[in-house]
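As stored in query_3.txt (compact mmCIF, C-alpha atoms):
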# COMPACT_ATOMS: atom_id res chain seq x y z
CA MET K 1 0.07 9.17 9.08
CA GLY K 2 1.00 6.16 11.16
CA LYS K 3 4.34 5.22 12.62
CA GLU K 4 7.13 3.06 11.27
CA SER K 5 7.91 -0.11 13.22
CA LYS K 6 10.68 0.11 15.82
CA ARG K 7 12.87 -2.21 13.77
CA GLN K 8 12.36 -0.03 10.70
CA LEU K 9 13.34 3.09 12.65
CA ILE K 10 16.43 1.35 14.05
CA TRP K 11 17.43 0.12 10.57
CA GLN K 12 17.00 3.60 9.06
CA GLU K 13 19.28 5.04 11.75
CA ILE K 14 21.87 2.28 11.27
CA ARG K 15 21.95 3.06 7.55
CA LYS K 16 22.27 6.77 8.31
CA GLN K 17 25.05 6.44 10.91
CA ARG K 18 26.89 3.46 9.30
CA ASP K 19 29.18 3.33 12.40
CA PHE K 20 27.20 3.32 15.65
CA THR K 21 26.80 2.39 19.30
CA LEU K 22 23.60 1.16 20.93
CA ASN K 23 23.40 4.31 23.06
CA ARG K 24 23.70 6.57 20.00
CA LEU K 25 20.96 4.59 18.23
CA SER K 26 18.75 4.74 21.32
CA SER K 27 19.20 8.49 21.57
CA ALA K 28 18.55 9.07 17.87
CA CYS K 29 15.54 6.72 17.59
CA LYS K 30 14.03 7.40 21.02
CA ILE K 31 13.73 3.64 21.50
CA HIS K 32 14.77 1.76 24.63
CA ARG K 33 18.33 0.46 24.45
CA ASP K 34 17.29 -3.14 25.28
CA THR K 35 14.99 -3.22 22.25
CA ILE K 36 17.80 -1.96 20.04
CA GLU K 37 20.26 -4.47 21.54
CA THR K 38 17.94 -7.38 20.74
CA TYR K 39 17.58 -6.32 17.11
CA VAL K 40 21.28 -5.49 16.64
CA THR K 41 22.22 -8.89 18.12
CA GLY K 42 20.13 -10.60 15.42
CA LEU K 43 21.54 -8.33 12.71
CA ARG K 44 25.10 -9.09 13.85
CA LYS K 45 24.57 -12.85 13.88
CA ALA K 46 22.98 -12.64 10.42
CA GLY K 47 25.93 -10.64 9.06
CA PHE K 48 24.19 -7.30 8.49
CA VAL K 49 26.30 -5.48 11.10
CA GLU K 50 29.67 -6.26 12.64
CA LEU K 51 31.29 -5.48 15.97
CA ILE K 52 34.32 -3.27 15.32
CA GLU K 53 35.35 -2.14 18.79
CA LYS K 54 34.71 -2.92 22.43
CA THR K 55 35.56 0.05 24.60
CA ALA K 56 35.70 0.04 28.38
CA ILE K 57 34.12 3.08 29.96
CA ASN K 58 35.40 3.94 33.43
CA LYS K 59 33.28 6.34 35.39
CA PRO K 60 34.73 8.17 38.38
CA TYR K 61 33.50 6.91 41.74
CA VAL K 62 31.93 3.83 40.15
CA VAL K 63 33.36 0.38 40.82
CA THR K 64 31.88 -1.23 37.71
CA THR K 65 33.49 -0.84 34.30
CA PHE K 66 31.04 -0.55 31.44
CA THR K 67 31.67 -1.43 27.82
CA GLU K 68 30.24 0.43 24.89
CA ASN K 69 30.45 -1.70 21.76
CA ARG K 70 30.82 0.02 18.43
CA TYR K 71 29.29 -1.54 15.34
CA ARG K 72 29.44 -0.94 11.61
CA LEU K 73 26.91 -1.63 8.89
CA ALA K 74 28.41 -4.58 7.00
CA LYS K 75 25.64 -5.42 4.52
CA ASP K 76 23.23 -2.73 3.38
CA VAL K 77 20.21 -4.42 1.82
CA GLY K 78 18.18 -1.27 1.19
CA ILE K 79 15.47 0.65 2.96
CA ASP K 80 13.45 -2.29 4.28
CA ALA K 81 14.62 -3.48 7.69
CA PRO K 82 15.91 -7.07 7.54
CA ARG K 83 13.62 -9.53 9.28
CA VAL K 84 15.83 -11.52 11.64
CA THR K 85 15.43 -13.43 14.88
CA ARG K 86 17.66 -12.73 17.89
CA ASP K 87 19.80 -15.76 16.96
CA GLY K 88 20.41 -14.39 13.45
CA LYS K 89 17.96 -16.50 11.46
CA ILE K 90 16.80 -14.52 8.44
CA LEU K 91 13.03 -14.71 8.05
CA SER K 92 11.64 -14.91 4.55
CA ALA K 93 10.18 -11.80 3.05
CA ASP K 94 6.50 -11.44 2.44
CA ILE K 95 5.66 -12.83 -1.03
CA ASN K 96 3.62 -9.72 -1.85
CA GLN K 97 6.68 -7.58 -1.08
CA ASP K 98 8.67 -9.72 -3.50
CA LEU K 99 5.96 -9.37 -6.19
CA TRP K 100 5.74 -5.60 -5.59
CA ARG K 101 9.50 -5.17 -6.08
CA ALA K 102 9.38 -7.24 -9.28
CA MET K 103 6.44 -5.20 -10.64
CA LYS K 104 8.31 -1.94 -10.08
CA ILE K 105 11.37 -3.28 -11.88
CA LEU K 106 9.58 -4.94 -14.81
CA LYS K 107 7.01 -2.17 -15.43
CA GLU K 108 5.13 -4.45 -17.88
CA PHE K 109 4.74 -8.18 -17.31
CA SER K 110 2.67 -11.34 -17.55
CA ILE K 111 1.85 -13.59 -14.59
CA THR K 112 4.60 -15.96 -15.80
CA ASP K 113 7.15 -13.09 -15.98
CA LEU K 114 6.24 -12.02 -12.46
CA ILE K 115 6.59 -15.52 -10.99
CA ALA K 116 9.97 -15.94 -12.71
CA SER K 117 11.17 -12.64 -11.19
CA THR K 118 10.40 -13.50 -7.56
CA THR K 119 12.74 -15.19 -5.11
CA GLN K 120 10.09 -17.25 -3.34
CA LYS K 121 7.78 -20.07 -4.25
CA THR K 122 4.20 -19.12 -4.88
CA THR K 123 1.26 -20.32 -6.95
CA VAL K 124 -0.11 -18.93 -10.19
CA GLU K 125 -3.44 -18.46 -8.41
CA ASN K 126 -1.88 -16.32 -5.64
CA VAL K 127 -0.14 -14.09 -8.18
CA LYS K 128 -3.31 -13.77 -10.28
CA THR K 129 -5.31 -12.77 -7.19
CA TYR K 130 -2.72 -10.19 -6.14
CA CYS K 131 -2.66 -8.71 -9.66
CA LEU K 132 -6.46 -8.69 -9.81
CA PHE K 133 -6.74 -6.67 -6.61
CA LEU K 134 -3.93 -4.29 -7.61
CA THR K 135 -5.70 -3.75 -10.94
CA ARG K 136 -8.95 -2.95 -9.14
CA ALA K 137 -7.06 -0.55 -6.85
CA LYS K 138 -5.54 1.11 -9.97
CA TYR K 139 -1.89 0.16 -9.33
CA LEU K 140 -1.88 -1.98 -12.47
CA LYS K 141 -3.58 -1.68 -15.83
CA ARG K 142 -4.53 -4.76 -17.82
CA ASN K 143 -3.34 -4.98 -21.42
CA GLY K 144 -4.56 -8.34 -22.76
CA SER K 145 -2.67 -11.05 -20.85
CA ARG K 146 -0.11 -8.50 -19.62
CA TYR K 147 -0.14 -5.94 -16.85
CA VAL K 148 1.35 -2.45 -16.82
CA PHE K 149 2.57 -1.00 -13.52
CA ILE K 150 1.06 2.52 -13.28
CA LYS K 151 1.06 3.58 -9.62
CA ASN K 152 4.05 3.50 -7.28
CA THR K 153 3.21 4.78 -3.80
CA GLY K 154 6.41 3.64 -2.10
CA ALA K 155 8.61 0.78 -0.97
CA LYS K 156 6.02 -1.26 0.92
CA ALA K 157 3.74 -3.64 -0.93
CA PRO K 158 -0.02 -3.04 -0.83
CA GLN K 159 -1.72 -5.71 1.27
CA ILE K 160 -4.83 -7.65 0.38
CA GLN K 161 -7.04 -7.93 3.45
CA ARG K 162 -9.47 -10.73 4.25
CA ILE K 163 -12.36 -8.32 3.79
CA LYS K 164 -11.34 -8.06 0.11
CA ALA K 165 -9.79 -4.64 0.52
CA VAL K 166 -6.39 -3.29 -0.51
CA PHE K 167 -4.47 -1.51 2.24
CA ASP K 168 -1.48 0.61 1.21
CA PRO K 169 1.04 0.84 4.08
CA ASN K 170 2.85 3.68 2.29
CA LEU K 171 -0.30 5.82 2.35
CA LYS K 172 -1.51 4.16 5.57
CA LYS K 173 -5.05 3.77 4.24
CA VAL K 174 -7.43 1.43 2.45
CA VAL K 175 -7.29 2.32 -1.24
CA TYR K 176 -9.82 -0.22 -2.52
CA GLN K 177 -12.81 -1.98 -0.95
CA SER K 178 -14.60 -4.72 -2.87
CA GLY K 179 -18.16 -3.84 -3.66
CA GLY K 180 -19.07 -7.45 -4.44
CA GLU K 181 -17.85 -7.52 -8.05
CA GLU K 182 -15.86 -10.69 -8.74

Rewrite the structure from the file as structure tokens, please.
Amino acid sequence: MGKESKRQLIWQEIRKQRDFTLNRLSSACKIHRDTIETYVTGLRKAGFVELIEKTAINKPYVVTTFTENRYRLAKDVGIDAPRVTRDGKILSADINQDLWRAMKILKEFSITDLIASTTQKTTVENVKTYCLFLTRAKYLKRNGSRYVFIKNTGAKAPQIQRIKAVFDPNLKKVVYQSGGEE
């Protein structure tokens, strides 16, 4: 199986520790502290974490005083790492991720139901195409004008690739490849 993204690993550890320092995260995740600092800065500015303590660390025989900030998880939004820039701008979620979440909640739905359950703007055609490919990949079953959600492989939405294939990031493999049938 493949690896999680660095941001996903950091977010998982933040959720686990709840109260953390950058050094503790770095040690736990085995990710360079600077990478963690960049992500935590964005999370703090976006309101997902908050600074709770600034502690000076004096080391014997060292002229410089270091500070080790302590943070706390302020807004837990679930298992998916928030997508934020360093300046705290929240990036919109992938529309397919939004559709995937709605499918798992609704269990049975029409295209109209699915569009009404998402938080982002999309077109009927995009939703139809996504449902078509998920039906071919056996995640959905068609029942007249409705769809039934039948296969949940995890939190991450299957991705439709340009080569008309469905890649499942939970399984880390292509689960459907178009054989020319349209």

### Query
Quick one, how far is atom CA of Asp94 of chain K from atom CA of Lys107 of chain K?
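Atom-to-atom, atom CA of Asp94 of chain K to atom CA of Lys107 of chain K, that is 20.1 Å.
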
### Contact residues around segment 159-176 of chain K with only C-alpha atoms at 12 Å, ignoring same-chain residues under 2 positions, as a ChimeraX atom specification
/K:1-5,94-97,99-100,126-127,129-139,151-157,178-182

### Message
At a cut-off of 8 Å, using only C-alpha atoms, what residues contact segment 66-80 of chain K? Leave out same-chain residues fewer than 3 positions from it and give the result as a VMD selection string.
### Response
chain K and resid 8 11 to 12 14 to 15 18 to 22 47 to 58 155

### Message
My list of candidates is K:Lys6, K:Ser92, K:Ile105, K:Gly144. Which is closest to Gln120 of chain K when distances are computed with all atoms listed in the file?
### Response
K:Ser92

Contacts of Ser110 of chain K at 7 Å (only C-alpha atoms; same-chain gap of 3+ positions) as a PDB file with C-alpha atoms, in the coordinates of the input:
ATOM      1  CA  ASP K 113       7.150 -13.090 -15.980  1.00  0.00           C
ATOM      2  CA  LEU K 114       6.240 -12.020 -12.460  1.00  0.00           C
ATOM      3  CA  SER K 145      -2.670 -11.050 -20.850  1.00  0.00           C
ATOM      4  CA  ARG K 146      -0.110  -8.500 -19.620  1.00  0.00           C
ATOM      5  CA  TYR K 147      -0.140  -5.940 -16.850  1.00  0.00           C
TER       6      TYR K 147
END

## Note on the structure
Students should find that atom CA of Thr119 of chain K and atom CA of Gly88 of chain K are spaced 20.1 Å

### Message
Show me, as a VMD selection string, the residues that have an atom within 9 Å of Ile36 of chain K when counting all atoms listed in the file, minus same-chain residues fewer than 6 positions from it.
### Response
chain K and resid 6 to 7 10 22 to 23 25 to 26

#### Entry: d(atom CA of Arg86 of chain K, atom CA of Lys45 of chain K) in Å
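These atoms are spaced 8.0 Å apart.
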
### Query
Between K:Glu125, K:Asp87, K:Glu108, K:Glu37, which is the closest to Val148 of chain K once you count only C-alpha atoms?
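Smallest separation from Val148 of chain K among the options: K:Glu108.
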
Edge lengths and centre, in Å to one decimal, as JSON: that's what I need for the box along x, y and z that holds all listed atoms of segment 11-14 of chain K plus 5 Å on each side.
{"center_x": 19.4, "center_y": 2.6, "center_z": 10.4, "size_x": 14.9, "size_y": 14.9, "size_z": 12.7}

### Message
Considering all atoms listed in the file, can you say which of K:Ala46, K:His32, K:Leu9, K:Leu140 comes closest to Leu91 of chain K?
### Response
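Closest residue, counting all atoms listed in the file: K:Ala46.
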
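Distances from K:Val40, K:Val124, K:Ile111, K:Ala28 to Thr85 of chain K were compared using all atoms listed in the file, and the smallest one belongs to K:Val40.
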